[in-house]
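K.L.:
Contents of coords-v4.txt (compact mmCIF, C-alpha atoms and all ligand atoms):
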```txt
# COMPACT_ATOMS: atom_id res chain seq x y z
CA MET A 1 -58.54 33.52 33.58
CA LYS A 2 -59.12 29.84 34.29
CA ARG A 3 -61.52 29.57 31.36
CA TRP A 4 -58.95 31.06 29.05
CA LEU A 5 -56.43 28.56 30.24
CA GLY A 6 -58.90 25.75 29.55
CA LEU A 7 -59.52 27.02 26.05
CA LEU A 8 -55.82 27.33 25.44
CA LEU A 9 -55.33 23.76 26.60
CA ILE A 10 -58.05 22.44 24.30
CA GLY A 11 -56.40 24.37 21.49
CA ALA A 12 -53.05 22.83 22.25
CA VAL A 13 -54.42 19.28 22.37
CA THR A 14 -56.25 19.74 19.05
CA THR A 15 -53.10 21.07 17.39
CA LEU A 16 -51.10 18.17 18.83
CA GLN A 17 -53.57 15.64 17.43
CA ALA A 18 -53.58 17.39 14.07
CA GLN A 19 -49.81 17.23 13.98
CA THR A 20 -49.54 13.52 14.81
CA LYS A 21 -48.56 11.86 11.58
CA ILE A 22 -49.10 8.13 11.38
CA THR A 23 -47.10 6.17 8.84
CA VAL A 24 -47.22 2.44 8.29
CA ILE A 25 -44.55 0.48 6.46
CA LYS A 26 -45.44 -2.96 5.18
CA ALA A 27 -42.13 -4.81 5.19
CA GLY A 28 -41.79 -8.01 3.14
CA HIS A 29 -38.65 -8.94 5.05
CA LEU A 30 -37.28 -7.12 8.05
CA ILE A 31 -33.71 -7.53 9.28
CA ASP A 32 -33.91 -7.62 13.06
CA THR A 33 -30.44 -6.46 14.06
CA GLU A 34 -31.08 -7.20 17.73
CA SER A 35 -31.79 -10.93 17.28
CA GLY A 36 -29.80 -11.35 14.07
CA LYS A 37 -32.86 -12.85 12.38
CA VAL A 38 -35.00 -12.01 9.36
CA LEU A 39 -38.71 -11.56 10.05
CA ASP A 40 -41.24 -11.85 7.23
CA ASN A 41 -44.37 -9.77 6.58
CA GLN A 42 -43.95 -7.20 9.31
CA VAL A 43 -45.89 -4.01 9.88
CA ILE A 44 -44.02 -1.00 11.24
CA LEU A 45 -46.20 1.63 12.86
CA ILE A 46 -44.60 5.08 13.00
CA GLU A 47 -45.88 8.11 14.88
CA ASN A 48 -44.22 11.30 13.70
CA ASP A 49 -40.49 10.52 13.91
CA THR A 50 -40.67 7.49 16.21
CA ILE A 51 -41.39 3.79 15.74
CA ARG A 52 -44.39 2.89 17.95
CA SER A 53 -44.71 -0.83 17.26
CA VAL A 54 -43.54 -3.62 15.00
CA GLY A 55 -45.24 -6.96 14.39
CA PRO A 56 -46.87 -9.31 11.91
CA ASN A 57 -50.52 -8.50 12.52
CA LEU A 58 -50.79 -4.91 13.66
CA ALA A 59 -54.05 -3.09 13.16
CA ILE A 60 -53.48 -0.28 10.68
CA PRO A 61 -55.02 3.03 11.78
CA ARG A 62 -57.44 4.54 9.26
CA ASN A 63 -55.56 7.84 8.99
CA ALA A 64 -52.21 6.19 8.33
CA THR A 65 -50.07 6.83 5.27
CA ILE A 66 -49.12 3.40 3.97
CA ILE A 67 -45.75 2.68 2.40
CA ASP A 68 -45.73 -0.66 0.68
CA LEU A 69 -42.31 -2.34 0.92
CA SER A 70 -43.79 -5.82 0.85
CA LYS A 71 -41.45 -6.84 -1.98
CA ALA A 72 -38.37 -5.40 -0.28
CA THR A 73 -35.97 -6.13 2.57
CA VAL A 74 -36.22 -3.46 5.23
CA LEU A 75 -33.44 -2.66 7.70
CA PRO A 76 -32.47 0.10 10.13
CA GLY A 77 -30.76 3.20 8.76
CA LEU A 78 -27.02 2.62 8.45
CA VAL A 79 -24.33 4.30 10.55
CA ASP A 80 -20.84 5.21 9.38
CA CYS A 81 -18.70 5.74 12.49
CA HIS A 82 -15.76 7.30 10.67
CA THR A 83 -16.40 10.05 8.15
CA HIS A 84 -14.96 13.43 7.22
CA ILE A 85 -18.12 14.89 5.75
CA THR A 86 -16.68 18.37 5.21
CA GLY A 87 -14.39 17.44 2.35
CA GLN A 88 -13.05 15.00 -0.20
CA PRO A 89 -10.06 15.15 -2.57
CA GLY A 90 -10.63 17.92 -5.08
CA GLY A 91 -8.14 16.64 -7.65
CA ASP A 92 -5.11 18.72 -6.64
CA TYR A 93 -3.33 17.87 -3.36
CA TYR A 94 -1.58 21.21 -2.95
CA ALA A 95 -4.62 23.26 -3.94
CA ASP A 96 -6.66 21.37 -1.32
CA ILE A 97 -4.12 22.31 1.35
CA PHE A 98 -3.06 25.80 0.32
CA ARG A 99 -5.83 27.37 -1.71
CA LYS A 100 -8.87 26.32 0.30
CA THR A 101 -10.16 27.86 3.50
CA PRO A 102 -12.75 26.50 5.93
CA VAL A 103 -15.27 28.61 4.01
CA ASP A 104 -14.71 26.45 0.93
CA PHE A 105 -15.37 23.34 2.99
CA ALA A 106 -18.47 24.87 4.52
CA VAL A 107 -19.89 25.70 1.10
CA THR A 108 -19.75 22.10 -0.18
CA ALA A 109 -20.25 20.06 3.02
CA HIS A 110 -24.05 19.96 2.64
CA VAL A 111 -23.71 18.35 -0.81
CA TYR A 112 -21.78 15.46 0.74
CA ALA A 113 -24.24 15.23 3.63
CA LYS A 114 -27.13 14.76 1.20
CA ARG A 115 -25.25 12.10 -0.78
CA THR A 116 -24.46 10.24 2.43
CA LEU A 117 -28.08 10.27 3.55
CA GLU A 118 -29.31 9.12 0.14
CA ALA A 119 -26.83 6.24 0.34
CA GLY A 120 -28.82 4.98 3.33
CA PHE A 121 -26.52 6.31 6.05
CA THR A 122 -28.92 8.10 8.39
CA THR A 123 -26.28 8.68 11.08
CA ILE A 124 -22.57 9.44 10.95
CA ARG A 125 -19.87 9.97 13.50
CA ASP A 126 -17.72 12.64 11.87
CA VAL A 127 -14.22 12.37 13.25
CA GLY A 128 -12.29 15.47 12.32
CA ALA A 129 -13.23 18.66 10.50
CA PRO A 130 -11.75 22.15 10.20
CA ALA A 131 -13.00 25.25 12.00
CA PHE A 132 -16.22 23.72 13.40
CA VAL A 133 -17.75 23.33 9.94
CA ASP A 134 -19.08 19.97 11.16
CA VAL A 135 -20.91 21.62 14.06
CA ALA A 136 -22.52 24.19 11.76
CA LEU A 137 -23.61 21.40 9.41
CA ARG A 138 -24.94 19.23 12.27
CA ASN A 139 -26.96 22.15 13.61
CA ALA A 140 -28.39 23.05 10.21
CA ILE A 141 -29.39 19.40 9.67
CA ASN A 142 -30.98 19.21 13.13
CA ASN A 143 -32.91 22.42 12.38
CA GLY A 144 -34.23 20.89 9.16
CA GLU A 145 -32.52 23.53 7.01
CA VAL A 146 -30.23 21.10 5.19
CA ALA A 147 -30.72 17.43 4.25
CA GLY A 148 -28.23 15.08 5.85
CA PRO A 149 -27.63 12.32 8.34
CA ARG A 150 -27.72 12.72 12.10
CA MET A 151 -24.23 13.75 13.11
CA VAL A 152 -22.02 12.99 16.07
CA CYS A 153 -19.16 15.47 15.70
CA ALA A 154 -15.57 15.32 16.87
CA THR A 155 -14.74 18.83 15.55
CA LEU A 156 -10.95 19.38 15.63
CA PHE A 157 -8.58 16.41 15.46
CA ILE A 158 -6.35 16.68 18.52
CA GLY A 159 -2.71 15.94 17.69
CA SER A 160 0.78 16.75 18.90
CA THR A 161 3.23 19.06 17.12
CA GLY A 162 4.43 17.36 13.95
CA SER A 163 1.72 14.72 14.16
CA HIS A 164 -0.88 13.48 11.71
CA GLY A 165 -3.01 16.36 12.97
CA ASP A 166 -0.37 18.96 12.15
CA LEU A 167 0.79 20.19 8.75
CA ASN A 168 3.97 18.36 7.78
CA GLY A 169 6.55 18.26 5.06
CA PHE A 170 6.82 21.99 4.40
CA SER A 171 9.10 24.89 5.29
CA PRO A 172 9.01 26.04 8.92
CA PHE A 173 8.48 29.56 7.57
CA LEU A 174 5.16 28.49 6.14
CA GLU A 175 2.50 29.10 8.73
CA PHE A 176 -1.26 29.04 8.95
CA HIS A 177 -2.87 31.60 11.16
CA TYR A 178 -5.65 30.08 13.17
CA PRO A 179 -7.49 31.59 16.09
CA GLU A 180 -5.80 30.21 19.19
CA GLN A 181 -6.35 26.43 19.59
CA MET A 182 -8.22 26.08 16.28
CA SER A 183 -5.41 24.03 14.77
CA GLY A 184 -6.15 21.20 17.21
CA VAL A 185 -2.41 20.91 17.89
CA ALA A 186 -1.88 20.42 21.62
CA ASN A 187 1.00 19.16 23.75
CA GLY A 188 1.53 18.14 27.35
CA ILE A 189 -1.05 17.14 29.91
CA GLU A 190 -2.35 20.66 30.52
CA GLY A 191 -2.28 21.40 26.80
CA VAL A 192 -4.37 18.40 25.77
CA ARG A 193 -6.85 18.93 28.61
CA LYS A 194 -7.29 22.52 27.50
CA GLN A 195 -7.82 21.38 23.91
CA VAL A 196 -10.50 18.87 24.91
CA ARG A 197 -12.33 21.63 26.80
CA TYR A 198 -12.04 23.94 23.81
CA ASN A 199 -13.47 21.30 21.45
CA VAL A 200 -16.34 20.58 23.83
CA LYS A 201 -17.00 24.31 24.32
CA TYR A 202 -17.56 24.78 20.59
CA GLY A 203 -19.68 21.71 19.96
CA ALA A 204 -17.77 18.41 20.10
CA ASP A 205 -20.00 15.39 20.82
CA VAL A 206 -17.02 13.04 20.85
CA ILE A 207 -13.26 13.57 21.17
CA LYS A 208 -10.82 12.32 18.54
CA PHE A 209 -7.06 12.34 18.91
CA GLY A 210 -4.07 11.03 17.05
CA ALA A 211 -2.45 8.23 19.02
CA SER A 212 -0.16 7.36 16.13
CA ALA A 213 1.21 8.72 12.89
CA GLY A 214 -0.97 8.49 9.80
CA VAL A 215 -0.95 7.67 6.14
CA LEU A 216 -2.24 10.71 4.31
CA THR A 217 0.19 13.20 5.82
CA GLU A 218 3.89 13.62 5.22
CA GLU A 219 5.47 12.71 8.56
CA GLU A 220 7.94 9.85 8.29
CA SER A 221 6.26 7.07 10.19
CA VAL A 222 2.95 5.36 9.59
CA GLY A 223 2.35 3.95 13.01
CA ALA A 224 4.66 5.40 15.68
CA PRO A 225 3.01 6.82 18.82
CA GLN A 226 2.55 10.61 18.72
CA TYR A 227 1.45 11.13 22.31
CA THR A 228 2.82 9.76 25.57
CA GLN A 229 0.71 7.39 27.67
CA GLU A 230 0.16 10.24 30.17
CA GLU A 231 -1.11 12.57 27.46
CA MET A 232 -3.50 9.92 26.11
CA ASN A 233 -4.76 9.19 29.63
CA ALA A 234 -5.34 12.91 30.16
CA ILE A 235 -7.33 13.28 26.92
CA VAL A 236 -9.64 10.35 27.73
CA ASP A 237 -10.02 11.45 31.35
CA GLU A 238 -10.82 15.05 30.43
CA ALA A 239 -13.33 13.94 27.79
CA ARG A 240 -15.00 11.66 30.35
CA THR A 241 -15.32 14.60 32.77
CA TRP A 242 -17.36 16.38 30.11
CA GLY A 243 -19.44 13.30 29.34
CA ARG A 244 -17.74 12.59 26.03
CA LYS A 245 -16.40 9.34 24.59
CA THR A 246 -13.02 9.30 22.90
CA CYS A 247 -11.77 7.67 19.74
CA ALA A 248 -8.15 7.31 18.71
CA HIS A 249 -6.60 7.41 15.29
CA ALA A 250 -4.09 4.56 15.66
CA HIS A 251 -2.22 2.49 13.07
CA GLY A 252 0.81 1.17 15.00
CA ALA A 253 0.63 -1.78 17.41
CA GLU A 254 2.14 0.17 20.32
CA ALA A 255 -0.03 3.26 19.84
CA ILE A 256 -3.15 1.07 19.63
CA LYS A 257 -2.35 -0.55 22.98
CA MET A 258 -1.58 2.79 24.60
CA ALA A 259 -4.91 4.22 23.42
CA VAL A 260 -6.83 1.16 24.58
CA LYS A 261 -5.15 1.34 27.99
CA ALA A 262 -6.09 5.02 28.17
CA GLY A 263 -9.71 3.92 27.78
CA VAL A 264 -10.82 5.00 24.31
CA ALA A 265 -14.21 3.77 23.09
CA SER A 266 -12.82 2.89 19.68
CA VAL A 267 -9.59 2.40 17.80
CA GLU A 268 -9.73 3.90 14.31
CA HIS A 269 -7.84 2.12 11.47
CA GLY A 270 -6.04 -0.40 13.71
CA SER A 271 -3.72 -1.39 10.87
CA PHE A 272 -0.85 -3.05 12.76
CA LEU A 273 -2.97 -4.44 15.57
CA ASP A 274 -1.14 -7.38 17.21
CA ASP A 275 -2.31 -10.32 19.35
CA GLU A 276 -1.66 -8.47 22.59
CA GLY A 277 -3.68 -5.53 21.31
CA ILE A 278 -6.51 -7.85 20.31
CA GLU A 279 -6.63 -9.34 23.82
CA LEU A 280 -6.54 -5.89 25.38
CA MET A 281 -9.40 -4.66 23.18
CA LYS A 282 -11.47 -7.71 24.08
CA THR A 283 -10.87 -7.22 27.80
CA LYS A 284 -11.72 -3.53 27.69
CA GLY A 285 -14.62 -3.89 25.22
CA THR A 286 -12.98 -1.45 22.80
CA PHE A 287 -14.48 -1.22 19.31
CA LEU A 288 -12.37 -1.57 16.19
CA VAL A 289 -13.39 0.84 13.42
CA ALA A 290 -11.27 -0.26 10.47
CA ASP A 291 -11.59 1.49 7.11
CA ILE A 292 -10.80 -1.54 5.01
CA TYR A 293 -12.31 -0.42 1.70
CA ASN A 294 -10.49 2.79 0.88
CA ASP A 295 -7.08 1.21 0.15
CA ASP A 296 -8.43 0.24 -3.28
CA TYR A 297 -9.45 3.81 -3.98
CA ILE A 298 -6.19 5.35 -2.74
CA MET A 299 -4.02 2.96 -4.74
CA SER A 300 -5.93 3.48 -7.97
CA GLU A 301 -6.74 7.19 -7.74
CA TYR A 302 -4.37 9.12 -5.45
CA ALA A 303 -1.45 9.39 -7.89
CA LYS A 304 -3.87 10.96 -10.39
CA LEU A 305 -5.12 13.33 -7.68
CA GLY A 306 -1.60 14.70 -7.24
CA TYR A 307 -0.73 13.09 -3.91
CA PRO A 308 3.02 12.79 -3.23
CA GLN A 309 4.52 9.37 -3.89
CA LYS A 310 5.65 9.27 -0.25
CA ILE A 311 2.03 9.09 0.90
CA ILE A 312 1.08 6.46 -1.65
CA GLU A 313 4.04 4.33 -0.49
CA LYS A 314 2.76 4.58 3.08
CA GLU A 315 -0.64 3.32 1.99
CA ARG A 316 1.06 0.41 0.24
CA LEU A 317 2.57 -0.53 3.61
CA VAL A 318 -0.74 -0.32 5.43
CA GLY A 319 -3.49 -1.54 3.12
CA ARG A 320 -3.03 -5.31 3.01
CA THR A 321 -1.82 -5.65 6.59
CA GLN A 322 -4.83 -3.73 7.84
CA ARG A 323 -7.21 -6.17 6.15
CA GLU A 324 -5.34 -9.21 7.46
CA ASN A 325 -5.34 -7.83 11.01
CA PHE A 326 -9.02 -6.95 10.70
CA ALA A 327 -9.69 -10.61 9.87
CA LYS A 328 -7.69 -11.67 12.94
CA ALA A 329 -9.62 -9.28 15.18
CA VAL A 330 -12.94 -10.56 13.82
CA LYS A 331 -11.91 -14.16 14.44
CA ALA A 332 -10.85 -13.31 17.99
CA GLY A 333 -14.20 -11.64 18.71
CA VAL A 334 -13.20 -7.96 18.97
CA LYS A 335 -16.26 -5.67 18.76
CA ILE A 336 -16.52 -4.21 15.28
CA ALA A 337 -18.27 -1.00 14.24
CA TYR A 338 -18.61 0.19 10.66
CA GLY A 339 -16.43 3.15 9.69
CA THR A 340 -15.07 3.96 6.28
CA ASP A 341 -13.09 7.22 6.35
CA ALA A 342 -15.50 8.64 3.73
CA GLY A 343 -13.93 11.84 2.53
CA VAL A 344 -10.75 9.94 1.70
CA TYR A 345 -12.90 8.57 -1.15
CA PRO A 346 -16.13 10.15 -2.53
CA HIS A 347 -19.01 10.62 -0.11
CA GLY A 348 -22.04 8.49 -0.86
CA TRP A 349 -19.91 5.41 -1.51
CA ASN A 350 -20.06 4.49 2.17
CA GLY A 351 -21.76 1.15 1.43
CA LYS A 352 -18.81 -0.22 -0.55
CA GLN A 353 -17.03 -1.39 2.59
CA PHE A 354 -19.64 -4.06 3.42
CA PHE A 355 -18.23 -6.35 0.73
CA TYR A 356 -14.74 -6.13 2.23
CA MET A 357 -15.95 -6.76 5.76
CA VAL A 358 -17.65 -9.95 4.60
CA LYS A 359 -14.60 -10.92 2.54
CA TYR A 360 -12.41 -10.51 5.64
CA GLY A 361 -14.48 -12.52 8.06
CA LEU A 362 -17.82 -11.05 9.10
CA SER A 363 -21.04 -12.82 8.16
CA PRO A 364 -23.39 -10.59 6.14
CA MET A 365 -25.61 -10.27 9.25
CA GLN A 366 -22.62 -9.26 11.39
CA ALA A 367 -21.55 -6.72 8.78
CA ILE A 368 -25.05 -5.20 8.90
CA GLN A 369 -24.96 -5.23 12.71
CA SER A 370 -21.60 -3.44 12.65
CA ALA A 371 -23.33 -0.57 10.85
CA THR A 372 -26.52 -0.63 12.95
CA SER A 373 -26.76 -2.08 16.47
CA ASN A 374 -22.98 -2.14 17.12
CA ALA A 375 -22.51 1.37 15.77
CA ALA A 376 -25.38 2.61 17.94
CA GLU A 377 -23.69 1.10 20.98
CA LEU A 378 -20.38 2.77 20.12
CA LEU A 379 -22.11 6.14 19.78
CA GLY A 380 -24.01 5.61 23.03
CA TRP A 381 -27.20 5.99 20.97
CA GLN A 382 -28.56 2.47 21.46
CA GLU A 383 -31.84 3.87 22.82
CA ARG A 384 -32.35 5.97 19.68
CA ILE A 385 -31.11 4.06 16.62
CA GLY A 386 -29.63 0.77 15.43
CA SER A 387 -32.72 -1.41 15.16
CA ILE A 388 -36.31 -1.27 13.99
CA SER A 389 -38.08 -1.52 17.30
CA ALA A 390 -40.62 0.37 19.40
CA GLY A 391 -39.37 3.64 20.84
CA LYS A 392 -36.53 4.14 18.35
CA LEU A 393 -36.29 6.85 15.73
CA ALA A 394 -37.87 5.90 12.42
CA ASP A 395 -34.59 5.72 10.49
CA ILE A 396 -35.38 2.97 8.03
CA ILE A 397 -33.97 1.86 4.68
CA ALA A 398 -34.94 -0.81 2.17
CA VAL A 399 -33.47 -2.68 -0.76
CA SER A 400 -35.18 -4.78 -3.44
CA ALA A 401 -32.81 -7.75 -3.17
CA ASP A 402 -31.58 -9.73 -0.18
CA PRO A 403 -28.39 -8.25 1.33
CA LEU A 404 -27.75 -11.47 3.27
CA LYS A 405 -27.34 -13.28 -0.06
CA ASP A 406 -25.37 -10.50 -1.76
CA ILE A 407 -24.01 -7.83 0.57
CA ARG A 408 -23.23 -5.55 -2.40
CA VAL A 409 -26.95 -4.81 -2.54
CA LEU A 410 -26.20 -2.26 0.21
CA GLU A 411 -24.10 -0.20 -2.19
CA LYS A 412 -27.32 1.12 -3.72
CA ILE A 413 -30.19 1.72 -1.32
CA GLN A 414 -33.63 2.19 -2.89
CA PHE A 415 -35.59 3.52 0.07
CA VAL A 416 -34.46 5.91 2.79
CA MET A 417 -36.52 7.29 5.67
CA LYS A 418 -35.04 9.49 8.37
CA GLY A 419 -37.06 10.40 11.43
CA GLY A 420 -40.29 9.30 9.73
CA LEU A 421 -39.68 11.40 6.60
CA VAL A 422 -39.21 9.66 3.28
CA ILE A 423 -35.96 10.89 1.74
CA LYS A 424 -36.11 8.66 -1.31
CA ASN A 425 -38.21 5.80 -2.60
CA GLU A 426 -37.13 3.93 -5.72
CA THR A 427 -38.48 0.54 -4.67
CA VAL A 428 -40.54 -1.58 -7.02
CA GLN A 429 -44.08 -1.22 -5.70
ZN ZN B 1 -10.18 9.64 9.25
```
Since I need it in another form, could you write the structure as structure tokens?
P.N.:
Amino acid sequence: MKRWLGLLLIGAVTTLQAQTKITVIKAGHLIDTESGKVLDNQVILIENDTIRSVGPNLAIPRNATIIDLSKATVLPGLVDCHTHITGQPGGDYYADIFRKTPVDFAVTAHVYAKRTLEAGFTTIRDVGAPAFVDVALRNAINNGEVAGPRMVCATLFIGSTGSHGDLNGFSPFLEFHYPEQMSGVANGIEGVRKQVRYNVKYGADVIKFGASAGVLTEEESVGAPQYTQEEMNAIVDEARTWGRKTCAHAHGAEAIKMAVKAGVASVEHGSFLDDEGIELMKTKGTFLVADIYNDDYIMSEYAKLGYPQKIIEKERLVGRTQRENFAKAVKAGVKIAYGTDAGVYPHGWNGKQFFYMVKYGLSPMQAIQSATSNAAELLGWQERIGSISAGKLADIIAVSADPLKDIRVLEKIQFVMKGGLVIKNETVQ
């Protein structure tokens, strides 16, 4: 018996050794997001899916696969903290709402996931999807069945009756039939607590709720609060009980402050953020995740896509103000994490927002940090991702030109590795 066990053990060790894959990346320039510096001629030693060591003069093991990026700038895989990976405008507003079912979204979600990954975004926080399509996609990606980024899922957007999370602007006789609670519409302290539990039960990694009205729905206001302070407090408290962080969709100044007081980890959009809100966010260490690129896309494309004029007028109110208030928040030192609302515009264009973040006040290095080390902190994944350093997952990207000189370089990533696997390599060797 003992001898068998010994043989089995030897077998297991041999298999383990055979499975250890060593990869070495020779990086011409490496953006160290932890120190905010660029390091030249670095060697990155990767064992299976994990970075083992990084340095200028590492001994290269004989059995290593070598990837030569000595002419490129190498940086950690990017993180988009605000996506809706399960959909994007299909060209007909009413068809998107009334002719599609969650099955339609499920069928195409993997296409968007692949585009996002190939754009260099190796992790996303997906903040609102129908019918747990996001959870199914996350699981399929984690099982290696589908190509896509690592996903932190919010599942159902939690919103009050008539809110941004509800269907508005139509006859009260028009009704969708969801299984109980699958609309995400919840009211009152008990109601919102129950909804948080339901979301967690079916796979939510993070909780998202609507603190204020929104732009791309037909309720009257853009920024008015849509939950009471007590309801917001209850959502954050319940999420915390289950070990989940919370993020709040919030445009209006009052709703932002209410959400921050409730203890959210991040404010999404933050369009009408005022000085008091800025101070509050600084005190509480709340992240601002402001989608400051997509206004351009909405204003140029949404009329053609059949969106009602009412919605486009709302965006006109929000767009410029949001950018100005983002600049104010940056100046004041509010923590910024990169989030684009991909799905409002085509997936795979996630990198376009870098240019706007630099235009409105971040240095190129800070913009990169917002999508790497800062984003990792917001997700609570700082031990796993966000920098190229020993012990972290080998999520690594590279570009031929220097993104610190021209941030737009990040709109087209030439090399993508996720968990030690090369997803694409178009670098000049
Ligand atoms: Zn969103």
K.L.:
Excluding A:Glu230 and residues on its chain fewer than 6 positions from it, collect all residues at most 10 Å away from it, counting all atoms listed in the file, and give them as number ranges by chain.
P.N.:
A: 188-189, 258, 262
K.L.:
Using atom CA of A:Arg320 and atom CA of A:His84 as the two end points, give the distance in Å to one decimal.
P.N.:
22.6 Å
K.L.:
Just give me the gap between atom CA of A:Lys304 and atom CA of A:Thr86 in Å, one decimal is fine.
P.N.:
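Result for atom CA of A:Lys304 versus atom CA of A:Thr86: 21.5 Å, one decimal.
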K.L.:
Padding of 3 Å on every side, edges along x, y and z, all listed atoms of stretch 146-149 of chain A included: what centre and edge lengths in Å, to one decimal, does that box have, as lines of an AutoDock Vina configuration file?
P.N.:
```
center_x = -29.2
center_y = 16.7
center_z = 6.3
size_x = 9.1
size_y = 14.8
size_z = 10.1
```
K.L.:
Produce as an MDAnalysis selection string the set of residues near ligand ZN 1 (chain B), where near means within 7 Å with all atoms listed in the file considered.
P.N.:
chainID A and resid 82:84 127:128 341
K.L.:
Would you mind exporting C-alpha atoms of the selected residues as an mmCIF file, in the frame of the given file?
P.N.:
```
data_model
loop_
_atom_site.group_PDB
_atom_site.id
_atom_site.type_symbol
_atom_site.label_atom_id
_atom_site.label_comp_id
_atom_site.auth_asym_id
_atom_site.auth_seq_id
_atom_site.Cartn_x
_atom_site.Cartn_y
_atom_site.Cartn_z
ATOM 1 C CA HIS A 82 -15.760 7.300 10.670
ATOM 2 C CA THR A 83 -16.400 10.050 8.150
ATOM 3 C CA HIS A 84 -14.960 13.430 7.220
ATOM 4 C CA VAL A 127 -14.220 12.370 13.250
ATOM 5 C CA GLY A 128 -12.290 15.470 12.320
ATOM 6 C CA ASP A 341 -13.090 7.220 6.350
#
```
K.L.:
Just want the 10 Å neighbourhood of A:Ile423, counted on all atoms listed in the file, with same-chain residues fewer than 4 positions away dropped. Output as number ranges by chain.
P.N.:
A: 114, 117-118, 120, 147-148, 397, 415-419
K.L.:
Around the point (-12.1, 6.0, -4.2) (coordinates from the file), which residues reach within 7 Å if we count only C-alpha atoms? Answer as number ranges by chain.
P.N.:
A: 294, 296-298, 301, 345-346
K.L.:
Please report the interatomic distance between atom CA of A:Thr372 and atom CA of A:His164 in Å with one decimal.
P.N.:
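Distance reported for this atom pair: 29.3 Å.
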K.L.:
Which is closest to A:Ile388 among A:Met357, A:Leu174, A:Leu75, A:Leu45, if we use all atoms listed in the file?
P.N.:
A:Leu75
K.L.:
Which residues come within 10 Å of A:Phe354, counting all atoms listed in the file, excluding same-chain residues fewer than 6 positions away, as an MDAnalysis selection string?
P.N.:
chainID A and resid 292:293 338 340 360 362 364 366:368 370:371 403 407:411
K.L.:
For A:Ile141, find every residue with an atom within 10 Å (counting only C-alpha atoms), except residues of its own chain fewer than 5 positions away, and show them as a list in words.
P.N.:
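Skipping anything fewer than 5 positions along the chain leaves His110, Ala113, Lys114, Val135, Ala136, Val146, Ala147, Gly148, Pro149, Arg150 and Met151 of chain A.
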K.L.:
Keeping only C-alpha atoms, write the selected residues as a PDB file, in the coordinates of the input.
P.N.:
```pdb
ATOM      1  CA  HIS A 110     -24.050  19.960   2.640  1.00  0.00           C
ATOM      2  CA  ALA A 113     -24.240  15.230   3.630  1.00  0.00           C
ATOM      3  CA  LYS A 114     -27.130  14.760   1.200  1.00  0.00           C
ATOM      4  CA  VAL A 135     -20.910  21.620  14.060  1.00  0.00           C
ATOM      5  CA  ALA A 136     -22.520  24.190  11.760  1.00  0.00           C
ATOM      6  CA  VAL A 146     -30.230  21.100   5.190  1.00  0.00           C
ATOM      7  CA  ALA A 147     -30.720  17.430   4.250  1.00  0.00           C
ATOM      8  CA  GLY A 148     -28.230  15.080   5.850  1.00  0.00           C
ATOM      9  CA  PRO A 149     -27.630  12.320   8.340  1.00  0.00           C
ATOM     10  CA  ARG A 150     -27.720  12.720  12.100  1.00  0.00           C
ATOM     11  CA  MET A 151     -24.230  13.750  13.110  1.00  0.00           C
TER      12      MET A 151
END
```
K.L.:
Could you list, as a list in words, every residue within 12 Å of A:Ala303, counting all atoms listed in the file and ignoring same-chain residues fewer than 4 positions away?
P.N.:
Pro89, Gly91, Asp92, Tyr93, Tyr297, Ile298, Met299, Tyr307, Pro308, Gln309, Lys310, Ile311, Ile312, Glu313 and Glu315 of chain A
K.L.:
Go through A:Lys194, A:His269, A:Lys405, A:Arg115 one by one, measure the shortest atom-to-atom distance of each to A:Asn325 using all atoms listed in the file, and give the residue with the smallest value.
P.N.:
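Using all atoms listed in the file, A:Asn325 sits closest to A:His269.
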K.L.:
In terms of the shortest atom-to-atom distance over all atoms listed in the file, which of A:Gln322, A:Met281, A:Ile235, A:Thr65 is closest to A:Tyr356?
P.N.:
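Under the stated criterion, the closest residue is A:Gln322.
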K.L.:
With distances taken over all atoms listed in the file, which of A:Thr50, A:Ser387, A:Ser160, A:Asn350 is nearest to A:Thr116?
P.N.:
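Looking at the shortest contact to A:Thr116, the residue is A:Asn350.
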K.L.:
Of the candidates A:Phe170, A:Asn143, A:Arg197, A:Ala255, which shows the shortest atom-to-atom distance to A:Glu218, using all atoms listed in the file?
P.N.:
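Going through A:Phe170, A:Asn143, A:Arg197, A:Ala255 one by one, the smallest distance to A:Glu218 is for A:Phe170.
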K.L.:
From the list A:Thr427, A:Thr123, A:Ser400, A:Gln369, which residue is nearest A:Thr33 when using all atoms listed in the file?
P.N.:
A:Gln369
K.L.:
Residues around (-3.6, 21.6, 2.1), cut-off 12 Å, counting all atoms listed in the file - what are they as a VMD selection string?
P.N.:
chain A and resid 87 to 102 105 130 166 to 170 174 to 176 216 to 218 306 to 307
K.L.:
Regenerate stretch 262-266 of chain A at the level of N, CA and C atoms and dump it as a JSON list (two decimals), in the frame of the given file.
P.N.:
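Below you can see part_9.json, which holds the result:
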```json
[["chain", "number", "residue", "atom", "x", "y", "z"],
["A", 262, "ALA", "N", -5.59, 3.71, 27.73],
["A", 262, "ALA", "CA", -6.09, 5.02, 28.17],
["A", 262, "ALA", "C", -7.61, 5.01, 28.32],
["A", 263, "GLY", "N", -8.26, 4.07, 27.62],
["A", 263, "GLY", "CA", -9.71, 3.92, 27.78],
["A", 263, "GLY", "C", -10.56, 4.48, 26.65],
["A", 264, "VAL", "N", -10.02, 4.50, 25.44],
["A", 264, "VAL", "CA", -10.82, 5.00, 24.31],
["A", 264, "VAL", "C", -11.99, 4.06, 24.03],
["A", 265, "ALA", "N", -13.06, 4.60, 23.45],
["A", 265, "ALA", "CA", -14.21, 3.77, 23.09],
["A", 265, "ALA", "C", -13.94, 3.00, 21.82],
["A", 266, "SER", "N", -13.13, 3.59, 20.93],
["A", 266, "SER", "CA", -12.82, 2.89, 19.68],
["A", 266, "SER", "C", -11.44, 3.23, 19.18]]
```
